[in-house]
Structure formats: C-alpha cells, structure tokens
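Colleague: Below you'll find the structure I mean.
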Amino acid sequence: MKVKLISIFAVFAILMALVASDVDDFGLKGPGNDSSTDLKDGKPDQKVVMQMIAKGATIHGTNGINFGPDGNLYVASVVGREIIVMDKLNGVIINRFGPEVGVQGPDDLVFGPDGSIYWTDIMIGEVGRMTPDGIVTKQIIAPGVNPITFSPDGRLFVGLCFMGDGLYELDPELIAPPRPIIEATPENPYPLGFLNAFDFGPDGRLYGPVFAGGMVISVDVGAPGDPPSLNPWEDGTIQVVATGFTWPAATKFDPNNGHLTLLDQTGEVFRIDHLTGAKTLIANLEDGLDNLAFDSDGNLYISNADHGWIAELLPDGQDRTISPGGMINAQGVAVMQGSDGTDVVFVADFFRLRTFNGLSGKAGFVYKGHLIPNPTLPVLTMPMTISGDGENLVISSWFGNAVQVWNPKTDQVIEHYSMPVPLNAIRFGDDIVVADLGMGGVVWASDHTMILPMDGEHVFLPAGLLADKETLWVADWATGMVWRIVFEGKTPMASVPVAFGLSNPEGMALDTDGSLLVMEAGAGRISRIDPATGAVTVLVDGLTPGMQGPEGYPPTWGFDGLAVGSAGAVYFTDNANSALYRIRLRVDLSE
C-alpha cells in the first residue's frame with residue numbers, strides 16, 4: 001500500500017481565477033435529442049449536430065449518507081464536492097451545499113446533538129461543521145479523514161482511511177486539538193488497515209470495517225484525555241468481531257433488532273451478530289457499495305460510490321431505487337472500431353472504465369478501477385484520462401499515481417509507470433508522454449526525461465496532449481497556449497507556440513482534416529486550431545464548463561475529454577453533468 005498525498009502547488013490559487021464559470025449548459029433534454037448549430041470555422045454550408053448519447057447519474061458518486069433532523073437524506077459526494085439534501089421517498093434533490101459554504105470533498109457526514117451537520121473533507125484533511133443557523137467552522141485533522149460519528153453521550157470521533165490511517169476523538173466545537181486513540185507512526189504507518197464508516201454498539205464500543213483486512217472490529221475508544229494505545233491489537237483496544245469479507249466499507253447498527261449491518265464493496269450486504277460474529281448474507285447488489293443509514297422507522301438506505309445511486313433495501317432483500325446511477329465523473333475519451341465497424345467509445349469514469357456504442361449510446365462493458373493497487377500484479381488504476389494505442393489504451397490517473405498501457409480485451413495491464421501527479425498521457429513513438437505536475441512538466445514515462453518543463457515563465461500547467469507521428473502538441477491549462485514540439489530521435493527541439501487565448505484547454509484530438517480539436521473546459525466550448533497558421537475557430541460553444549478541484553489539487557479535477565471516431569464523429573464528455581456527447585457534421589441543403 002502507499003499513502004497518496006499530493007503536493008500543494010501555490011500556483012493553483014492563481015489558476016483558479018482564470019476559469020470562466022457563467023456559461024449555460026446545452027439545454028438538451030436527454031439521450032437522443034439532437035441540437036444543430038451553425039459551424040463557426042468558415043464553412044457555412046455545414047452544421048454541427050450534437051447529440052447526448054449517454055447520460056450518467058444525477059450525483060457525482062454517493063458516499064456517506066445520514067438522515068437529518070428534518071427527516072431528509074443527506075448525501076456526501078467526494079467527487080461532486082457537495083452535500084446533497086434528498087427526499088428519501090422519490091430522490092428529489094431539495095438542496096445542495098458545496099464549496100461556496102466550505103464543503104470541499106465530503107466523504108462522510110453525521111448530525112450532532114444540537115442538529116449541526118459535520119462532514120469529513122477527505123482530500124484536504126478537514127472536518128467541517130454547519131450549525132442549524134448556517135455558521136460554518138472547520139478543523140484540520142489530516143489528509144484521509146473519512147468516517148465520522150457521535151457516541152450516544154455526545155462525543156465525536158473520526159478515522160483516517162485510504163490517504164492515512166488512525167482514529168481520533170474531536171472536540172465537537174472543533175476548537176481543542178484532536179485526541180489520538182490509535183495513531184500511525186513511521187514504524188507502523190497502517191496501525192488499523194483503513195478503518196471505514198463506523199457506529200457505536202450497545203456495549204459502548206466503536207464497530208467498523210477494516211477495509212484492507214477484510215474484517216469487522218470493535219474499538220475501546222477510552223475516556224477523554226486518555227493517551228493513544230501503543231499496541232491496540234494486543235492490549236484489548238481492538239477486538240476482531242467477524243472476518244472473511246472482501247472490501248468491507250461501512251457498518252451501522254439496525255435499530256430494529258440490534259444487529260450490525262455491513263456493506264462490502266463487492267455488493268454484498270451482511271447482517272452480523274456483534275456478540276458471536278455470525279454473519280448472514282441478506283442482499284447482493286451492484287458492486288461499489290459505500291455507506292448506509294437507517295431512517296427513524298428503521299428502513300435501510302444504501303449508497304453506491306462507484307455508480308452514484310441511492311436505494312432503499314427492502315425487508316425481502318430487494319432494492320428500491322431512490323436516485324438512479326450511471327457515469328459519475330465522465331472524463332477522458334478514446335474510440336476503437338468494433339467488429340461491426342461501429343465506434344466503441346471508452347469513457348474514463350474515475351472508479352470505472354465504461355464503453356458505449358458510438359451510434360446508439362448503448363452501454364457495453366464496465367471495467368473496475370482499483371482504489372488500492374495490487375502489490376504483486378498491476379491492475380487497472382482509477383481511470384481519469386484515456387487515449388488510443390493500437391489495440392490498447394493509455395490510462396492516466398493522478399489519484400492513482402499511475403500511467404498504464406491496458407488491453408481491454410484481456411483486462412490486463414501491459415505497462416505500468418508509477419508517476420506522482422499525472423494529468424494526461426499519450427503514446428508517442430515507442431514511449432509514453434506524460435504531463436505530470438509532480439515531475440514539473442511533460443516527460444517521457446520510461447525514464448522521466450523532461451520534454452517541456454513548467455518553467456513558471458512560459459509554461460505553467462500542461463494538461464492537453466496530442467501527437468501525430470512526428471509532432472507533439474501540448475496545451476497549457478493556465479495560459480491557454482498550445483505548444484508544438486518536434487524531435488530528433490527522442491530529443492525535443494525548441495518548443496514553438498502555435499495558438500493563444502484558449503480557456504483551460506484539456507482534451508485534444510486530431511481531426512480527419514489534420515486540424516487540432518481542443519476542449520476549452522474553462523469556457524465550455526470546442527475549438528479548432530489550424531496547425532499551419534495557429535488560427536483558432538470555434539466549432540461549438542455553449543457547453544458546460546468543467547469541474548474544478550479544491551486548492552492544492554489539480555485544477556483539471558474531472559478532465560474533459562475529446563476523441564475523433566473512424567468516420568469523423570467527435571465524442572466528448574460533459575464532466576459537470578456526467579454525460580457523453582457526439583458531434584457530427586451535415587450539409588445544410590435548405591440554403
């Protein structure tokens with residue numbers, strides 16, 4: 001295992017101010033709805049026909065859930081950077097709380113005795129509190145702060161999971177320093193094995209799943225002021241309750257019968273006798289389960305982070321969908337040709353890699369990305385960008401700290417490169433080119449040799465990458481400039497700027513006529529660049545601007561991808577709305 005801590009780049013705060021955020025969305029009603037617009041690149045006899053061919057979940061991944069004093073279901077979304085207030089009966093979204101009130105990336109949430117809502121911002125390591133009258137306070141704990149709950153007597157507890165490890169008691173006012181109960185040390189960086197969503201049992205112990213250990217444990221949290229345990233697995237602080245799970249993610253006690261209910265990310269839901277450890281499988285749902293909550297009547301609700309749905313689990317083990325799922329964070333796009341000649345569109349979706357029929361938008365295979373790497377055999381990372389590489393695909397993930405060459409037919413990783421913060425990667429010649437913030441620019445994957453550095457004068461944040469057999473183009477997200485680089489062997493010649501004034505360029509693709517297509521995520525438009533003259537013309541605008549990350553993380557956050565199919569159709573993702581679109585050109589015969 002490894003702790004995924006991403007360096008904070010001071011330049012990000014400046015870059016965030018460059019983003020335009022007031023552009024309307026498409027206004028399309030759903031899959032199958034065409035929208036035509038005049039082409040803006042000097043070809044008035046043609047029109048752009050846009051079609052949404054696949055629409056994802058309403059929520060960008062559903063993580064921690066809990067019921068508020070008002071009876072509504074509150075849903076935390078890390079990727080969406082918001083807390084959603086939902087009607088538990090019909091899934092109608094009543095309210096949203098996001099960065100404008102200090103919510104940065106909530107993984108779990110709980111309500112305090114006074115009705116205040118508390119949440120854990122896992123990526124930036126903060127716990128937030130909003131009082132019933134709207135006053136927000138924050139406290140820094142550590143990156144990875146994740147599960148959170150109150151004891152019956154009003155004490156507040158949080159754990160670190162995935163980006164750290166440990167268990168802490170907090171001052172409910174978020175003023176006094178955290179009290180460590182179980183703490184990581186250099187000699188023992190994983191003292192728990194990632195304790196996730198937990199709950200207090202009738203015996204006063206804290207019960208929760210150990211994600212990496214496949215078990216459920218209980219913890220004696222001690223008294224306020226107690227020192228941390230130095231040997232929790234042997235001194236009685238930790239007791240093993242039940243074992244034999246795959247990726248246990250959350251536990252809550254059923255108020256009806258006192259049994260412990262556990263979710264495994266495999267999709268399995270178990271009932272556990274916390275006294276004997278006996279377990280009973282009560283449901284088998286879609287994999288990717290994240291958290292659960294019981295309402296005041298004892299009805300069980302479940303969230304699925306990977307697919308973004310909320311469901312009620314009925315007593316017979318069947319589920320009733322409250323908010324449907326699908327793509328949660330549509331990002332990079334690549335196209336391959338199917339056996340019938342139809343485009344097969346691959347979409348990177350953070351936890352999953354999904355395929356769609358390029359003509360109908362029908363969903364195809366769904367491949368699982370892995371949150372925790374396999375230490376012995378590389379597995380598909382959490383995909384954020386993808387690009388074609390013959391019969392393979394090049395995958396990059398700044399969250400997974402990896403660049404991979406992956407074969408979709410075998411679901412096998414052909415090449416794996418550990419990289420600190422890769423924003424994008426493409427094949428170029430016999431190597432892979434990577435735009436990596438941690439490496440400080442665009443580098444070769446094989447040996448990390450620098451191609452185009454982030455010099456702080458000309459290049460600040462390279463994101464978009466595109467290449468033909470001889471030339472590499474790099475788009476700088478910060479300045480809106482596109483650079484052309486030619487090579488002698490693998491040695492780059494002096495980079496030359498070829499286009500200016502783009503707004504946060506991300507996805508790039510080579511069109512059938514040799515021009516460069518660029519997704520301008522900051523302005524919500526796709527533009528065309530003439531590589532010979534650098535002239536920029538707008539292909540289509542009025543798109544939704546891309547999502548952005550919290551301070552200290554790549555501002556691309558959800559990378560807006562772009563790819564061209566075999567017959568010239570252009571596919572792109574609307575990351576903010578988890579949708580996949582196709583653009584095609586048609587001749588206007590009415591004039």
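Labels used: A, B, ... for chains in the order of the structure tokens, numbers from 1 for residues in each chain, and numbers from 1 for ligands as shown.
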Could you give me, as JSON, numbers by chain, each residue of segment 312-545 of chain A that DSSP assigns to strand (DSSP E or B) when run on this structure's backbone?
Modeller: {"A": [312, 313, 319, 320, 321, 322, 323, 333, 334, 335, 336, 337, 343, 344, 345, 346, 347, 348, 349, 352, 353, 354, 355, 356, 357, 363, 364, 365, 366, 367, 368, 385, 386, 387, 388, 389, 392, 393, 394, 395, 396, 397, 402, 403, 404, 405, 406, 407, 412, 413, 414, 415, 416, 417, 418, 422, 423, 424, 425, 426, 427, 428, 431, 432, 433, 434, 435, 436, 441, 442, 443, 444, 450, 451, 452, 453, 462, 463, 464, 465, 466, 467, 471, 472, 473, 474, 475, 476, 482, 483, 484, 485, 486, 487, 488, 491, 492, 496, 497, 498, 499, 505, 506, 507, 508, 509, 510, 516, 517, 518, 519, 520, 525, 526, 527, 528, 529, 536, 537, 538, 539, 540]}
Colleague: I'd like the neighbourhood of Gly369 of chain A as a ChimeraX atom specification, where a residue qualifies if any of its atoms comes within 7 Å (using only C-alpha atoms), though same-chain residues fewer than 5 positions away should be ignored.
Modeller: /A:351-353,380-383
Colleague: So how many Å separate atom CA of Pro422 of chain A and atom CA of Pro505 of chain A, to one decimal?
Modeller: 15.9 Å
Colleague: So that I can check the surroundings of segment 355-358 of chain A, please list as number ranges by chain every protein, DNA and RNA residue that reaches within 7 Å of it, counting only C-alpha atoms and ignoring chain neighbours fewer than 6 positions away.
Modeller: A: 342-347, 364-366
Colleague: Restrict the selected residues to C-alpha atoms and save them as a PDB file, in the first residue's frame.
Modeller:
```
ATOM      1  CA  THR A 342     -19.285   0.913 -35.253  1.00  0.00           C
ATOM      2  CA  ASP A 343     -17.293   3.167 -32.957  1.00  0.00           C
ATOM      3  CA  VAL A 344     -16.777   1.771 -29.470  1.00  0.00           C
ATOM      4  CA  VAL A 345     -16.358   4.752 -27.154  1.00  0.00           C
ATOM      5  CA  PHE A 346     -14.362   4.317 -23.943  1.00  0.00           C
ATOM      6  CA  VAL A 347     -15.035   6.774 -21.123  1.00  0.00           C
ATOM      7  CA  GLY A 364     -21.325  -2.001 -23.014  1.00  0.00           C
ATOM      8  CA  PHE A 365     -18.562  -3.399 -20.826  1.00  0.00           C
ATOM      9  CA  VAL A 366     -17.735  -1.792 -17.495  1.00  0.00           C
TER      10      VAL A 366
END
```
Colleague: What's the 6 Å shell around segment 316-333 of chain A, counting only C-alpha atoms, without same-chain residues fewer than 3 positions away, as a PyMOL selection string?
Modeller: chain A and resi 56-57+60-61+90-91+282-283+307-313+346-349+384-386+558-563+573+575+578
Colleague: Take the residues from that selection and write them out as a PDB file, in the first residue's frame, keeping C-alpha atoms.
Modeller:
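Once everything was written out, this is part_21.pdb:
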```pdb
ATOM      1  CA  GLY A  56     -24.931   9.330 -16.150  1.00  0.00           C
ATOM      2  CA  ALA A  57     -26.055   9.531 -12.538  1.00  0.00           C
ATOM      3  CA  HIS A  60     -21.123  12.532  -8.888  1.00  0.00           C
ATOM      4  CA  GLY A  61     -20.762   9.450  -6.707  1.00  0.00           C
ATOM      5  CA  ASN A  90     -38.579   9.967  -4.554  1.00  0.00           C
ATOM      6  CA  GLY A  91     -34.952  11.102  -4.799  1.00  0.00           C
ATOM      7  CA  ILE A 282     -29.166 -10.535   3.257  1.00  0.00           C
ATOM      8  CA  ALA A 283     -28.715  -8.976  -0.197  1.00  0.00           C
ATOM      9  CA  HIS A 307     -22.157   4.125  -9.798  1.00  0.00           C
ATOM     10  CA  GLY A 308     -23.713   7.060  -7.931  1.00  0.00           C
ATOM     11  CA  TRP A 309     -27.039   5.585  -6.873  1.00  0.00           C
ATOM     12  CA  ILE A 310     -29.133   5.626  -3.702  1.00  0.00           C
ATOM     13  CA  ALA A 311     -31.511   2.780  -2.923  1.00  0.00           C
ATOM     14  CA  GLU A 312     -33.714   1.535  -0.131  1.00  0.00           C
ATOM     15  CA  LEU A 313     -33.120  -2.089   0.824  1.00  0.00           C
ATOM     16  CA  PHE A 346     -14.362   4.317 -23.943  1.00  0.00           C
ATOM     17  CA  VAL A 347     -15.035   6.774 -21.123  1.00  0.00           C
ATOM     18  CA  ALA A 348     -12.873   7.132 -18.015  1.00  0.00           C
ATOM     19  CA  ASP A 349     -15.239   7.384 -15.066  1.00  0.00           C
ATOM     20  CA  MET A 384      -9.093   9.697 -15.443  1.00  0.00           C
ATOM     21  CA  THR A 385      -7.730  10.127 -18.977  1.00  0.00           C
ATOM     22  CA  ILE A 386      -7.513   7.611 -21.812  1.00  0.00           C
ATOM     23  CA  GLY A 558     -12.502  15.930 -13.802  1.00  0.00           C
ATOM     24  CA  PHE A 559     -10.648  16.031 -17.119  1.00  0.00           C
ATOM     25  CA  ASP A 560     -12.942  16.938 -20.045  1.00  0.00           C
ATOM     26  CA  GLY A 561     -12.020  14.516 -22.818  1.00  0.00           C
ATOM     27  CA  LEU A 562     -12.277  14.614 -26.593  1.00  0.00           C
ATOM     28  CA  ALA A 563     -11.773  11.982 -29.312  1.00  0.00           C
ATOM     29  CA  THR A 573     -17.558  14.283 -22.171  1.00  0.00           C
ATOM     30  CA  ASN A 575     -17.854  16.183 -16.974  1.00  0.00           C
ATOM     31  CA  SER A 578     -21.678  13.106 -16.342  1.00  0.00           C
TER      32      SER A 578
END
```
Colleague: Which residues come within 9 Å of segment 206-216 of chain A, counting only C-alpha atoms, excluding same-chain residues fewer than 5 positions away, as a PyMOL selection string?
Modeller: chain A and resi 151+161-162+192-201+221+239-253+260+262-264+274+277+372
Colleague: Could you jot down the atom CA of Tyr118 of chain A to atom CA of Asn256 of chain A separation for me, Å, one decimal place?
Modeller: 25.3 Å
Colleague: Using atom CA of Val85 of chain A and atom CA of Arg155 of chain A as the two end points, give the distance in Å to one decimal.
Modeller: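 Interatomic distance, atom CA of Val85 of chain A to atom CA of Arg155 of chain A: 24.7 Å.
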Colleague: Could you tell me which of A:Leu109, A:Ile302, A:Val459, A:Ile485 comes closest to Lys88 of chain A if we count only C-alpha atoms?
Modeller: A:Ile302
